[in-house]
Amino acid sequence: MNTRVLTGITTSGTPHLGNYVGAIRPAIAASREANVDAFFFLADYHALIKCEDADLIARSRLEIAATWLACGLDPARVTFYCQSDVPEIPELSWMLTCVTAKGLMNRAHAYKASVDQNAAKGVDEDDGITMGLFSYPILMAADILMFNAHKVPVGRDQTQHLEMARDIAQRFNHLFGKGKDFFVLPEAVISEDVATLPGLDGRKMSKSYNNTVPLFEGGSKALKSAVARIVTDSRGPGEPKDAEASHLYLIYKAFAQQAETSAFRQELEAGLGWGDAKQRLCERVEQELGPMRASYQDLMSNPARIEDILQEGARKARAIATPFIKELRQAVGLRTLGGAGAASAAKATGKPGKGGKSARFVSFRDEAGQFRFRFLAAEGTELFCSVAFADPKLAGAAMRTFQLADVNSCISLKGDLGFSIVLNDQVLAAVIDTESSPRRDQHLALLRAAHASLAEAA
Ligand code: TRP
């Protein structure tokens, strides 16, 4: 199976160099690796937690989408979507909320920091803290678990959120999995060389500290004027500088090759003036960003094109999320009831409704006169076709055994795209190849849902 890499970027600001170095660049590089299925999304529901300025949110969604595309994200390769275009995510978030201990959320750094700030101010400890902020890690867990991501490239400040996602996933698996793991336990990926970029004042570059260098907005002029504001010590030209202690050097290092970086370091140690050093930094950053900025500006003047790309991404994301959430709804007991309303739901779950068809087996004789059967989802999708049996009774027996078996133990994955059905060590359906590994997951989710609906109907 391909490794699934997923990351989100909160749409409550204008992308800055820290976002680029810490998240966008490594994530795009990872998406180009072989055997990777990448999922990148705009975390716009998360943005609502931090920002009540609707226009800023709207503007930021556009800027961030344009940024990722301009930085080289290939939407044909990557599933690139907006969180709020995938309603299954908030639905999963609620299911997870119901199994998450409040105590776990009490321990979240971001929430605790707000409480501490309130204490320091002498106001009520919950002053200004919304339930959105409190539950932030659960929504983030839903983002990740919805697509069963293995790896999540994030900044170091997000490691606790990943640990929480794992905790929550385990709890859900334990409560509802009946021996099967619905969720993969995700791992944080933190780039070792560039964990967090310092901002103008030397603290972590972050919009909340107002110390950022803009990535594309404002053009090369804005880059220059931000770099000019990077805090340096008071050593003048000719005096040796302490490179490691300089934010400027650390930013340079995040853009340059190793050889360039050590040359820059030697120059600083030899007394390069801060003004010249800033100029070098601008040139080096510009070398990487200049061509991307041109494509950013092109995209920004064409928002409808970006919207189309995001809608196509949401369609791809939901091809996975929709069958998966159906499976999860089954697992937690949100199942279709018989009678009124069941007909429309029949399509979704494979349960029979009034006049509707249910998931079913269809027996037939093949060209060689042997007996086989197909397993079809309610809406008619072929889930698999059995091997040939010489005798129709054997085919019928295999059908019934399959119906009663634990479907997960029958599914045997082959390579990245294939699977077969194996029943008591006998192959029931030979390897079936799907188009892609997300398609395979989708197919298997349908298969599980259809199988579960047989049990319910029985
Ligand atoms: N919390 C992340 C941040 O502030 C953004 C985010 C939301 C995210 N959902 C995610 C990152 C899922 C990775 C995976 O950087």
# chains A, B, ... in the order shown; residues from 1 in each chain; ligands from 1

$ residues_around --residues "segment 54-62 of chain A" --least-positions-apart "4" --cutoff "10 Å" --atoms "only C-alpha atoms" --output "list of chain:residue names"
A:Ile9, A:Thr10, A:Thr11, A:Ser12, A:Gly13, A:Thr14, A:Pro15, A:Leu42, A:Ala43, A:Asp44, A:Tyr45, A:Ala47, A:Leu48, A:Lys50, A:Ala66, A:Thr67, A:Cys82, A:Leu299, A:Met300, A:Pro303, A:Ile306, A:Glu307

$ residues_near_ligand --ligand "ligand 1" --cutoff "9 Å" --atoms "only C-alpha atoms and all ligand atoms" --output "PyMOL selection string"
chain A and resi 6-11+19+23+40-47+83+136-137+139-144+149+152-155+157-158+161-162+188

$ residues_around --residues "Leu310 of chain A" --least-positions-apart "4" --cutoff "10 Å" --atoms "only C-alpha atoms" --output "MDAnalysis selection string"
chainID A and resid 41:42 65 75 79:82 85 304:306 314:316

$ closest_residue --among "A:Asp233, A:Glu125, A:Asp308, A:Glu88" --to "Lys326 of chain A" --atoms "only C-alpha atoms"
A:Glu88

$ residues_around --residues "Leu200 of chain A" --least-positions-apart "2" --cutoff "8 Å" --atoms "only C-alpha atoms" --output "list in words"
Pro198, Gly202, Arg203, Met205, Asn211, Thr212, Val213, Ala226, Val227, Arg229, Ile230, Val231 and His247 of chain A

$ closest_residue --among "A:Pro392, A:Gly179, A:Gly415, A:Pro186" --to "Glu163 of chain A" --atoms "only C-alpha atoms"
A:Pro186

$ residues_around --residues "Ala398 of chain A" --least-positions-apart "2" --cutoff "12 Å" --atoms "only C-alpha atoms" --output "PDB file with N, CA, C and O atoms, in the first residue's frame"
ATOM      1  N   PHE A 361     -26.078 -11.511  -4.112  1.00  0.00           N
ATOM      2  CA  PHE A 361     -25.284 -12.427  -4.925  1.00  0.00           C
ATOM      3  C   PHE A 361     -26.063 -12.737  -6.191  1.00  0.00           C
ATOM      4  O   PHE A 361     -27.284 -12.894  -6.141  1.00  0.00           O
ATOM      5  N   SER A 363     -25.917 -15.548  -9.181  1.00  0.00           N
ATOM      6  CA  SER A 363     -25.246 -16.765  -9.686  1.00  0.00           C
ATOM      7  C   SER A 363     -25.362 -16.832 -11.198  1.00  0.00           C
ATOM      8  O   SER A 363     -26.343 -16.366 -11.764  1.00  0.00           O
ATOM      9  N   PHE A 371     -19.928 -22.987 -12.489  1.00  0.00           N
ATOM     10  CA  PHE A 371     -20.826 -22.142 -11.695  1.00  0.00           C
ATOM     11  C   PHE A 371     -20.046 -21.072 -10.925  1.00  0.00           C
ATOM     12  O   PHE A 371     -19.066 -21.378 -10.253  1.00  0.00           O
ATOM     13  N   ARG A 372     -20.507 -19.865 -11.062  1.00  0.00           N
ATOM     14  CA  ARG A 372     -19.861 -18.736 -10.374  1.00  0.00           C
ATOM     15  C   ARG A 372     -20.936 -17.828  -9.808  1.00  0.00           C
ATOM     16  O   ARG A 372     -22.110 -17.952 -10.161  1.00  0.00           O
ATOM     17  N   PHE A 373     -20.511 -16.890  -8.970  1.00  0.00           N
ATOM     18  CA  PHE A 373     -21.467 -15.838  -8.555  1.00  0.00           C
ATOM     19  C   PHE A 373     -20.745 -14.512  -8.431  1.00  0.00           C
ATOM     20  O   PHE A 373     -19.532 -14.466  -8.220  1.00  0.00           O
ATOM     21  N   ARG A 374     -21.523 -13.480  -8.621  1.00  0.00           N
ATOM     22  CA  ARG A 374     -21.013 -12.122  -8.392  1.00  0.00           C
ATOM     23  C   ARG A 374     -21.612 -11.586  -7.103  1.00  0.00           C
ATOM     24  O   ARG A 374     -22.755 -11.916  -6.782  1.00  0.00           O
ATOM     25  N   PHE A 375     -20.829 -10.757  -6.409  1.00  0.00           N
ATOM     26  CA  PHE A 375     -21.371 -10.063  -5.239  1.00  0.00           C
ATOM     27  C   PHE A 375     -21.540  -8.601  -5.650  1.00  0.00           C
ATOM     28  O   PHE A 375     -20.571  -7.956  -6.052  1.00  0.00           O
ATOM     29  N   SER A 386     -16.785 -14.615  -8.198  1.00  0.00           N
ATOM     30  CA  SER A 386     -16.146 -15.780  -7.583  1.00  0.00           C
ATOM     31  C   SER A 386     -15.357 -16.604  -8.604  1.00  0.00           C
ATOM     32  O   SER A 386     -15.534 -16.441  -9.810  1.00  0.00           O
ATOM     33  N   VAL A 387     -14.524 -17.473  -8.082  1.00  0.00           N
ATOM     34  CA  VAL A 387     -13.869 -18.465  -8.933  1.00  0.00           C
ATOM     35  C   VAL A 387     -14.956 -19.445  -9.416  1.00  0.00           C
ATOM     36  O   VAL A 387     -16.088 -19.401  -8.943  1.00  0.00           O
ATOM     37  N   ALA A 388     -14.586 -20.332 -10.347  1.00  0.00           N
ATOM     38  CA  ALA A 388     -15.554 -21.277 -10.909  1.00  0.00           C
ATOM     39  C   ALA A 388     -15.696 -22.513 -10.015  1.00  0.00           C
ATOM     40  O   ALA A 388     -14.707 -22.989  -9.451  1.00  0.00           O
ATOM     41  N   PHE A 389     -16.932 -22.984  -9.870  1.00  0.00           N
ATOM     42  CA  PHE A 389     -17.196 -24.224  -9.139  1.00  0.00           C
ATOM     43  C   PHE A 389     -17.819 -25.214 -10.115  1.00  0.00           C
ATOM     44  O   PHE A 389     -18.617 -24.840 -10.988  1.00  0.00           O
ATOM     45  N   ASP A 391     -19.812 -27.521  -9.266  1.00  0.00           N
ATOM     46  CA  ASP A 391     -21.143 -27.919  -8.813  1.00  0.00           C
ATOM     47  C   ASP A 391     -21.853 -26.690  -8.232  1.00  0.00           C
ATOM     48  O   ASP A 391     -21.269 -25.967  -7.416  1.00  0.00           O
ATOM     49  N   PRO A 392     -23.094 -26.440  -8.608  1.00  0.00           N
ATOM     50  CA  PRO A 392     -23.799 -25.259  -8.072  1.00  0.00           C
ATOM     51  C   PRO A 392     -23.958 -25.305  -6.548  1.00  0.00           C
ATOM     52  O   PRO A 392     -24.003 -24.265  -5.895  1.00  0.00           O
ATOM     53  N   LYS A 393     -23.996 -26.516  -5.983  1.00  0.00           N
ATOM     54  CA  LYS A 393     -24.139 -26.613  -4.516  1.00  0.00           C
ATOM     55  C   LYS A 393     -22.891 -26.071  -3.827  1.00  0.00           C
ATOM     56  O   LYS A 393     -22.980 -25.422  -2.788  1.00  0.00           O
ATOM     57  N   LEU A 394     -21.731 -26.374  -4.437  1.00  0.00           N
ATOM     58  CA  LEU A 394     -20.478 -25.862  -3.854  1.00  0.00           C
ATOM     59  C   LEU A 394     -20.444 -24.340  -3.929  1.00  0.00           C
ATOM     60  O   LEU A 394     -20.021 -23.660  -2.990  1.00  0.00           O
ATOM     61  N   ALA A 395     -20.900 -23.803  -5.061  1.00  0.00           N
ATOM     62  CA  ALA A 395     -20.941 -22.351  -5.211  1.00  0.00           C
ATOM     63  C   ALA A 395     -21.856 -21.746  -4.144  1.00  0.00           C
ATOM     64  O   ALA A 395     -21.507 -20.752  -3.479  1.00  0.00           O
ATOM     65  N   GLY A 396     -23.013 -22.372  -3.941  1.00  0.00           N
ATOM     66  CA  GLY A 396     -23.978 -21.877  -2.939  1.00  0.00           C
ATOM     67  C   GLY A 396     -23.389 -21.938  -1.540  1.00  0.00           C
ATOM     68  O   GLY A 396     -23.560 -21.008  -0.737  1.00  0.00           O
ATOM     69  N   ARG A 400     -22.670 -18.836   1.139  1.00  0.00           N
ATOM     70  CA  ARG A 400     -23.177 -18.743   2.514  1.00  0.00           C
ATOM     71  C   ARG A 400     -22.031 -18.616   3.521  1.00  0.00           C
ATOM     72  O   ARG A 400     -22.123 -17.865   4.482  1.00  0.00           O
ATOM     73  N   THR A 401     -20.958 -19.358   3.270  1.00  0.00           N
ATOM     74  CA  THR A 401     -19.819 -19.255   4.187  1.00  0.00           C
ATOM     75  C   THR A 401     -19.282 -17.820   4.178  1.00  0.00           C
ATOM     76  O   THR A 401     -18.972 -17.246   5.217  1.00  0.00           O
ATOM     77  N   PHE A 402     -19.172 -17.265   2.970  1.00  0.00           N
ATOM     78  CA  PHE A 402     -18.680 -15.886   2.867  1.00  0.00           C
ATOM     79  C   PHE A 402     -19.603 -14.935   3.622  1.00  0.00           C
ATOM     80  O   PHE A 402     -19.170 -14.063   4.367  1.00  0.00           O
ATOM     81  N   GLN A 403     -20.894 -15.154   3.461  1.00  0.00           N
ATOM     82  CA  GLN A 403     -21.875 -14.275   4.101  1.00  0.00           C
ATOM     83  C   GLN A 403     -21.706 -14.257   5.620  1.00  0.00           C
ATOM     84  O   GLN A 403     -21.870 -13.231   6.258  1.00  0.00           O
ATOM     85  N   LEU A 404     -21.358 -15.412   6.180  1.00  0.00           N
ATOM     86  CA  LEU A 404     -21.244 -15.511   7.639  1.00  0.00           C
ATOM     87  C   LEU A 404     -19.844 -15.175   8.146  1.00  0.00           C
ATOM     88  O   LEU A 404     -19.638 -14.991   9.344  1.00  0.00           O
ATOM     89  N   ALA A 405     -18.892 -15.102   7.224  1.00  0.00           N
ATOM     90  CA  ALA A 405     -17.496 -14.899   7.648  1.00  0.00           C
ATOM     91  C   ALA A 405     -17.254 -13.457   8.079  1.00  0.00           C
ATOM     92  O   ALA A 405     -18.043 -12.565   7.773  1.00  0.00           O
ATOM     93  N   ILE A 421     -10.203 -12.364  -2.533  1.00  0.00           N
ATOM     94  CA  ILE A 421     -11.040 -12.815  -1.418  1.00  0.00           C
ATOM     95  C   ILE A 421     -10.644 -14.257  -1.115  1.00  0.00           C
ATOM     96  O   ILE A 421     -10.671 -15.119  -2.006  1.00  0.00           O
ATOM     97  N   VAL A 422     -10.249 -14.483   0.112  1.00  0.00           N
ATOM     98  CA  VAL A 422      -9.788 -15.803   0.512  1.00  0.00           C
ATOM     99  C   VAL A 422     -10.634 -16.274   1.694  1.00  0.00           C
ATOM    100  O   VAL A 422     -10.778 -15.559   2.682  1.00  0.00           O
ATOM    101  N   LEU A 423     -11.204 -17.454   1.511  1.00  0.00           N
ATOM    102  CA  LEU A 423     -12.117 -17.976   2.521  1.00  0.00           C
ATOM    103  C   LEU A 423     -11.552 -19.294   3.023  1.00  0.00           C
ATOM    104  O   LEU A 423     -11.371 -20.218   2.226  1.00  0.00           O
ATOM    105  N   ASN A 424     -11.278 -19.391   4.293  1.00  0.00           N
ATOM    106  CA  ASN A 424     -10.687 -20.608   4.864  1.00  0.00           C
ATOM    107  C   ASN A 424      -9.545 -21.152   3.997  1.00  0.00           C
ATOM    108  O   ASN A 424      -9.545 -22.317   3.604  1.00  0.00           O
ATOM    109  N   GLN A 426      -8.981 -20.895   1.009  1.00  0.00           N
ATOM    110  CA  GLN A 426      -9.317 -21.156  -0.391  1.00  0.00           C
ATOM    111  C   GLN A 426      -9.607 -19.813  -1.061  1.00  0.00           C
ATOM    112  O   GLN A 426     -10.320 -18.985  -0.490  1.00  0.00           O
ATOM    113  N   VAL A 427      -9.054 -19.656  -2.264  1.00  0.00           N
ATOM    114  CA  VAL A 427      -9.340 -18.412  -2.981  1.00  0.00           C
ATOM    115  C   VAL A 427     -10.794 -18.432  -3.452  1.00  0.00           C
ATOM    116  O   VAL A 427     -11.215 -19.355  -4.146  1.00  0.00           O
ATOM    117  N   LEU A 428     -11.543 -17.421  -3.055  1.00  0.00           N
ATOM    118  CA  LEU A 428     -12.935 -17.332  -3.502  1.00  0.00           C
ATOM    119  C   LEU A 428     -13.049 -16.394  -4.706  1.00  0.00           C
ATOM    120  O   LEU A 428     -13.868 -16.604  -5.591  1.00  0.00           O
ATOM    121  N   ALA A 429     -12.204 -15.370  -4.713  1.00  0.00           N
ATOM    122  CA  ALA A 429     -12.161 -14.496  -5.894  1.00  0.00           C
ATOM    123  C   ALA A 429     -10.700 -14.177  -6.161  1.00  0.00           C
ATOM    124  O   ALA A 429      -9.973 -13.788  -5.257  1.00  0.00           O
TER     125      ALA A 429
END

$ select_by_dssp --residues "segment 212-454 of chain A" --states "helix (DSSP H, G or I)" --output "PyMOL selection string"
chain A and resi 219-228+243-245+247-255+258-269+274-300+303-332+342-349+392-404+407-410+437-454

$ residues_around --residues "Asp37 of chain A" --least-positions-apart "2" --cutoff "9 Å" --atoms "only C-alpha atoms" --output "list in words"
Asn2, Thr3, Arg4, Val5, Leu6, Ser31, Glu33, Ala34, Asn35, Phe39, Arg77, Val78, Thr79, Ser437 and Pro438 of chain A

$ write_last_selection --atoms "N, CA, C and O atoms" --output "PDB file, in the first residue's frame"
ATOM      1  N   ASN A   2       0.440   2.264  -0.756  1.00  0.00           N
ATOM      2  CA  ASN A   2       1.182   3.523  -0.757  1.00  0.00           C
ATOM      3  C   ASN A   2       1.089   4.197   0.597  1.00  0.00           C
ATOM      4  O   ASN A   2       0.113   4.010   1.316  1.00  0.00           O
ATOM      5  N   THR A   3       2.115   4.988   0.918  1.00  0.00           N
ATOM      6  CA  THR A   3       2.071   5.770   2.143  1.00  0.00           C
ATOM      7  C   THR A   3       1.194   6.985   1.907  1.00  0.00           C
ATOM      8  O   THR A   3       1.351   7.680   0.912  1.00  0.00           O
ATOM      9  N   ARG A   4       0.295   7.210   2.821  1.00  0.00           N
ATOM     10  CA  ARG A   4      -0.555   8.396   2.694  1.00  0.00           C
ATOM     11  C   ARG A   4       0.015   9.526   3.529  1.00  0.00           C
ATOM     12  O   ARG A   4       0.167   9.390   4.736  1.00  0.00           O
ATOM     13  N   VAL A   5       0.296  10.618   2.846  1.00  0.00           N
ATOM     14  CA  VAL A   5       0.842  11.799   3.505  1.00  0.00           C
ATOM     15  C   VAL A   5      -0.239  12.867   3.469  1.00  0.00           C
ATOM     16  O   VAL A   5      -0.799  13.132   2.407  1.00  0.00           O
ATOM     17  N   LEU A   6      -0.548  13.433   4.616  1.00  0.00           N
ATOM     18  CA  LEU A   6      -1.629  14.425   4.660  1.00  0.00           C
ATOM     19  C   LEU A   6      -1.212  15.622   5.495  1.00  0.00           C
ATOM     20  O   LEU A   6      -0.601  15.465   6.548  1.00  0.00           O
ATOM     21  N   SER A  31       5.170  14.838  -1.672  1.00  0.00           N
ATOM     22  CA  SER A  31       4.101  14.399  -2.588  1.00  0.00           C
ATOM     23  C   SER A  31       4.667  13.899  -3.910  1.00  0.00           C
ATOM     24  O   SER A  31       3.987  13.218  -4.659  1.00  0.00           O
ATOM     25  N   GLU A  33       7.364  12.020  -4.164  1.00  0.00           N
ATOM     26  CA  GLU A  33       8.042  10.738  -3.998  1.00  0.00           C
ATOM     27  C   GLU A  33       7.189   9.608  -4.546  1.00  0.00           C
ATOM     28  O   GLU A  33       5.966   9.711  -4.589  1.00  0.00           O
ATOM     29  N   ALA A  34       7.874   8.550  -4.953  1.00  0.00           N
ATOM     30  CA  ALA A  34       7.142   7.371  -5.426  1.00  0.00           C
ATOM     31  C   ALA A  34       6.437   6.730  -4.234  1.00  0.00           C
ATOM     32  O   ALA A  34       6.833   6.931  -3.083  1.00  0.00           O
ATOM     33  N   ASN A  35       5.407   6.003  -4.500  1.00  0.00           N
ATOM     34  CA  ASN A  35       4.672   5.262  -3.470  1.00  0.00           C
ATOM     35  C   ASN A  35       4.053   6.142  -2.406  1.00  0.00           C
ATOM     36  O   ASN A  35       3.902   5.730  -1.256  1.00  0.00           O
ATOM     37  N   PHE A  39      -2.395  14.062   0.421  1.00  0.00           N
ATOM     38  CA  PHE A  39      -3.649  14.779   0.669  1.00  0.00           C
ATOM     39  C   PHE A  39      -3.291  16.109   1.311  1.00  0.00           C
ATOM     40  O   PHE A  39      -2.773  16.124   2.426  1.00  0.00           O
ATOM     41  N   ARG A  77      -1.902  14.807  -9.131  1.00  0.00           N
ATOM     42  CA  ARG A  77      -1.195  13.805  -8.348  1.00  0.00           C
ATOM     43  C   ARG A  77      -1.641  13.783  -6.906  1.00  0.00           C
ATOM     44  O   ARG A  77      -1.696  12.740  -6.257  1.00  0.00           O
ATOM     45  N   VAL A  78      -1.936  15.006  -6.419  1.00  0.00           N
ATOM     46  CA  VAL A  78      -2.260  15.176  -5.008  1.00  0.00           C
ATOM     47  C   VAL A  78      -3.769  15.397  -4.870  1.00  0.00           C
ATOM     48  O   VAL A  78      -4.362  16.037  -5.722  1.00  0.00           O
ATOM     49  N   THR A  79      -4.359  14.877  -3.834  1.00  0.00           N
ATOM     50  CA  THR A  79      -5.753  15.206  -3.545  1.00  0.00           C
ATOM     51  C   THR A  79      -5.747  16.523  -2.765  1.00  0.00           C
ATOM     52  O   THR A  79      -5.344  16.560  -1.609  1.00  0.00           O
ATOM     53  N   SER A 437      -4.698   3.223  -5.196  1.00  0.00           N
ATOM     54  CA  SER A 437      -4.937   2.663  -3.871  1.00  0.00           C
ATOM     55  C   SER A 437      -6.104   3.343  -3.139  1.00  0.00           C
ATOM     56  O   SER A 437      -6.831   2.673  -2.422  1.00  0.00           O
ATOM     57  N   PRO A 438      -6.356   4.660  -3.342  1.00  0.00           N
ATOM     58  CA  PRO A 438      -7.595   5.200  -2.762  1.00  0.00           C
ATOM     59  C   PRO A 438      -8.845   4.526  -3.340  1.00  0.00           C
ATOM     60  O   PRO A 438      -9.811   4.268  -2.630  1.00  0.00           O
TER      61      PRO A 438
END

$ decode --residues "segment 27-45 of chain A" --atoms "N, CA and C atoms" --output "PDB file, in the first residue's frame"
ATOM      1  N   ALA A  27       6.159  19.376   2.258  1.00  0.00           N
ATOM      2  CA  ALA A  27       4.981  18.568   1.896  1.00  0.00           C
ATOM      3  C   ALA A  27       4.932  18.337   0.391  1.00  0.00           C
ATOM      4  N   ILE A  28       5.234  19.358  -0.381  1.00  0.00           N
ATOM      5  CA  ILE A  28       5.205  19.197  -1.836  1.00  0.00           C
ATOM      6  C   ILE A  28       6.316  18.247  -2.278  1.00  0.00           C
ATOM      7  N   ALA A  29       7.487  18.368  -1.652  1.00  0.00           N
ATOM      8  CA  ALA A  29       8.570  17.437  -1.979  1.00  0.00           C
ATOM      9  C   ALA A  29       8.125  16.005  -1.678  1.00  0.00           C
ATOM     10  N   ALA A  30       7.488  15.812  -0.544  1.00  0.00           N
ATOM     11  CA  ALA A  30       7.046  14.460  -0.168  1.00  0.00           C
ATOM     12  C   ALA A  30       6.005  13.939  -1.157  1.00  0.00           C
ATOM     13  N   SER A  31       5.170  14.838  -1.672  1.00  0.00           N
ATOM     14  CA  SER A  31       4.101  14.399  -2.588  1.00  0.00           C
ATOM     15  C   SER A  31       4.667  13.899  -3.910  1.00  0.00           C
ATOM     16  N   ARG A  32       5.905  14.272  -4.208  1.00  0.00           N
ATOM     17  CA  ARG A  32       6.492  13.850  -5.487  1.00  0.00           C
ATOM     18  C   ARG A  32       7.199  12.518  -5.374  1.00  0.00           C
ATOM     19  N   GLU A  33       7.364  12.020  -4.164  1.00  0.00           N
ATOM     20  CA  GLU A  33       8.042  10.738  -3.998  1.00  0.00           C
ATOM     21  C   GLU A  33       7.189   9.608  -4.546  1.00  0.00           C
ATOM     22  N   ALA A  34       7.874   8.550  -4.953  1.00  0.00           N
ATOM     23  CA  ALA A  34       7.142   7.371  -5.426  1.00  0.00           C
ATOM     24  C   ALA A  34       6.437   6.730  -4.234  1.00  0.00           C
ATOM     25  N   ASN A  35       5.407   6.003  -4.500  1.00  0.00           N
ATOM     26  CA  ASN A  35       4.672   5.262  -3.470  1.00  0.00           C
ATOM     27  C   ASN A  35       4.053   6.142  -2.406  1.00  0.00           C
ATOM     28  N   VAL A  36       3.728   7.385  -2.795  1.00  0.00           N
ATOM     29  CA  VAL A  36       3.065   8.283  -1.850  1.00  0.00           C
ATOM     30  C   VAL A  36       1.739   8.736  -2.441  1.00  0.00           C
ATOM     31  N   ASP A  37       0.685   8.694  -1.630  1.00  0.00           N
ATOM     32  CA  ASP A  37      -0.578   9.350  -1.983  1.00  0.00           C
ATOM     33  C   ASP A  37      -0.689  10.544  -1.063  1.00  0.00           C
ATOM     34  N   ALA A  38      -0.672  11.734  -1.641  1.00  0.00           N
ATOM     35  CA  ALA A  38      -0.676  12.935  -0.803  1.00  0.00           C
ATOM     36  C   ALA A  38      -2.057  13.568  -0.755  1.00  0.00           C
ATOM     37  N   PHE A  39      -2.395  14.062   0.421  1.00  0.00           N
ATOM     38  CA  PHE A  39      -3.649  14.779   0.669  1.00  0.00           C
ATOM     39  C   PHE A  39      -3.291  16.109   1.311  1.00  0.00           C
ATOM     40  N   PHE A  40      -3.549  17.195   0.595  1.00  0.00           N
ATOM     41  CA  PHE A  40      -3.281  18.522   1.159  1.00  0.00           C
ATOM     42  C   PHE A  40      -4.578  19.294   1.154  1.00  0.00           C
ATOM     43  N   PHE A  41      -4.829  19.985   2.243  1.00  0.00           N
ATOM     44  CA  PHE A  41      -6.108  20.684   2.273  1.00  0.00           C
ATOM     45  C   PHE A  41      -6.028  22.015   3.006  1.00  0.00           C
ATOM     46  N   LEU A  42      -7.018  22.844   2.705  1.00  0.00           N
ATOM     47  CA  LEU A  42      -7.150  24.130   3.381  1.00  0.00           C
ATOM     48  C   LEU A  42      -7.987  23.885   4.624  1.00  0.00           C
ATOM     49  N   ALA A  43      -7.404  24.107   5.778  1.00  0.00           N
ATOM     50  CA  ALA A  43      -8.108  23.857   7.038  1.00  0.00           C
ATOM     51  C   ALA A  43      -8.940  25.096   7.375  1.00  0.00           C
ATOM     52  N   ASP A  44     -10.034  25.268   6.629  1.00  0.00           N
ATOM     53  CA  ASP A  44     -10.799  26.503   6.818  1.00  0.00           C
ATOM     54  C   ASP A  44     -11.766  26.426   7.998  1.00  0.00           C
ATOM     55  N   TYR A  45     -12.169  25.222   8.385  1.00  0.00           N
ATOM     56  CA  TYR A  45     -12.947  25.122   9.640  1.00  0.00           C
ATOM     57  C   TYR A  45     -12.056  25.477  10.836  1.00  0.00           C
TER      58      TYR A  45
END
